[in-house]
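Report on the following structure.
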Amino acid sequence: MRWEEIVGEGLARYTKATRIHDHCLFVKVDSPILRNELTFLKPELLEKIKIQIPESTIEDIKFR
């Protein structure tokens, strides 16, 4: 997964894509505040994944 390319260097410092399971990307987040903010960015992040990785089957993102 090219997580840093999708979210940028700044967010990649505090987040890590850990696995993909059942079309869902799981992302570890260092801060509960950031985790909350990322839920609002989920549609934008999913769109970026579709654009940068057209063959991706990811339909959802879970922030943990």
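Chain identifiers are assigned as A, B, and so on, following the order in which chains appear in the structure tokens; residues are numbered from 1 within each chain, and ligands are numbered from 1 in order of appearance.
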Inset, instruction - Give me the residues within 12 Å of Ile33 (chain A) as a ChimeraX atom specification, counting only C-alpha atoms and dropping any in the same chain fewer than 4 places off. - result: /A:14,29,37-40,63-64
Inset, instruction - Output as an MDAnalysis selection string all residues of chain A that backbone DSSP marks as strand (DSSP E). - result: chainID A and resid 15:21 24:29 60:63
Inset, instruction - Could you give me, as number ranges by chain, each residue of chain A that DSSP assigns to alpha helix (DSSP H) when run on this structure's backbone? - result: A: 3-7, 9-12, 32-52
Inset, instruction - Compile the contact shell of region 44-54 of chain A as a ChimeraX atom specification: residues with an atom at most 8 Å away, counting only C-alpha atoms, same-chain residues fewer than 5 positions apart removed. - result: /A:6-7,59-61
Inset, instruction - Name the residues in contact with His21 (chain A) at a cut-off of 12 Å, using only C-alpha atoms, excluding same-chain residues fewer than 2 positions from it; report them as a PyMOL selection string. - result: chain A and resi 17-19+23-27+57-62
Legend entry - Distance of CA of Leu34 (chain A) from CA of Leu11 (chain A), expressed in Å to one decimal place: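 Interatomic distance here is 9.1 Å.
Put simply, CA of Glu5 (chain A) is 15.4 Å away from CA of Lys42 (chain A).
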Legend entry - Straight-line distance linking CA of Lys28 (chain A) with CA of Lys16 (chain A), stated in Å to one decimal: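 Value for the CA of Lys28 (chain A)-CA of Lys16 (chain A) distance: 5.1 Å.
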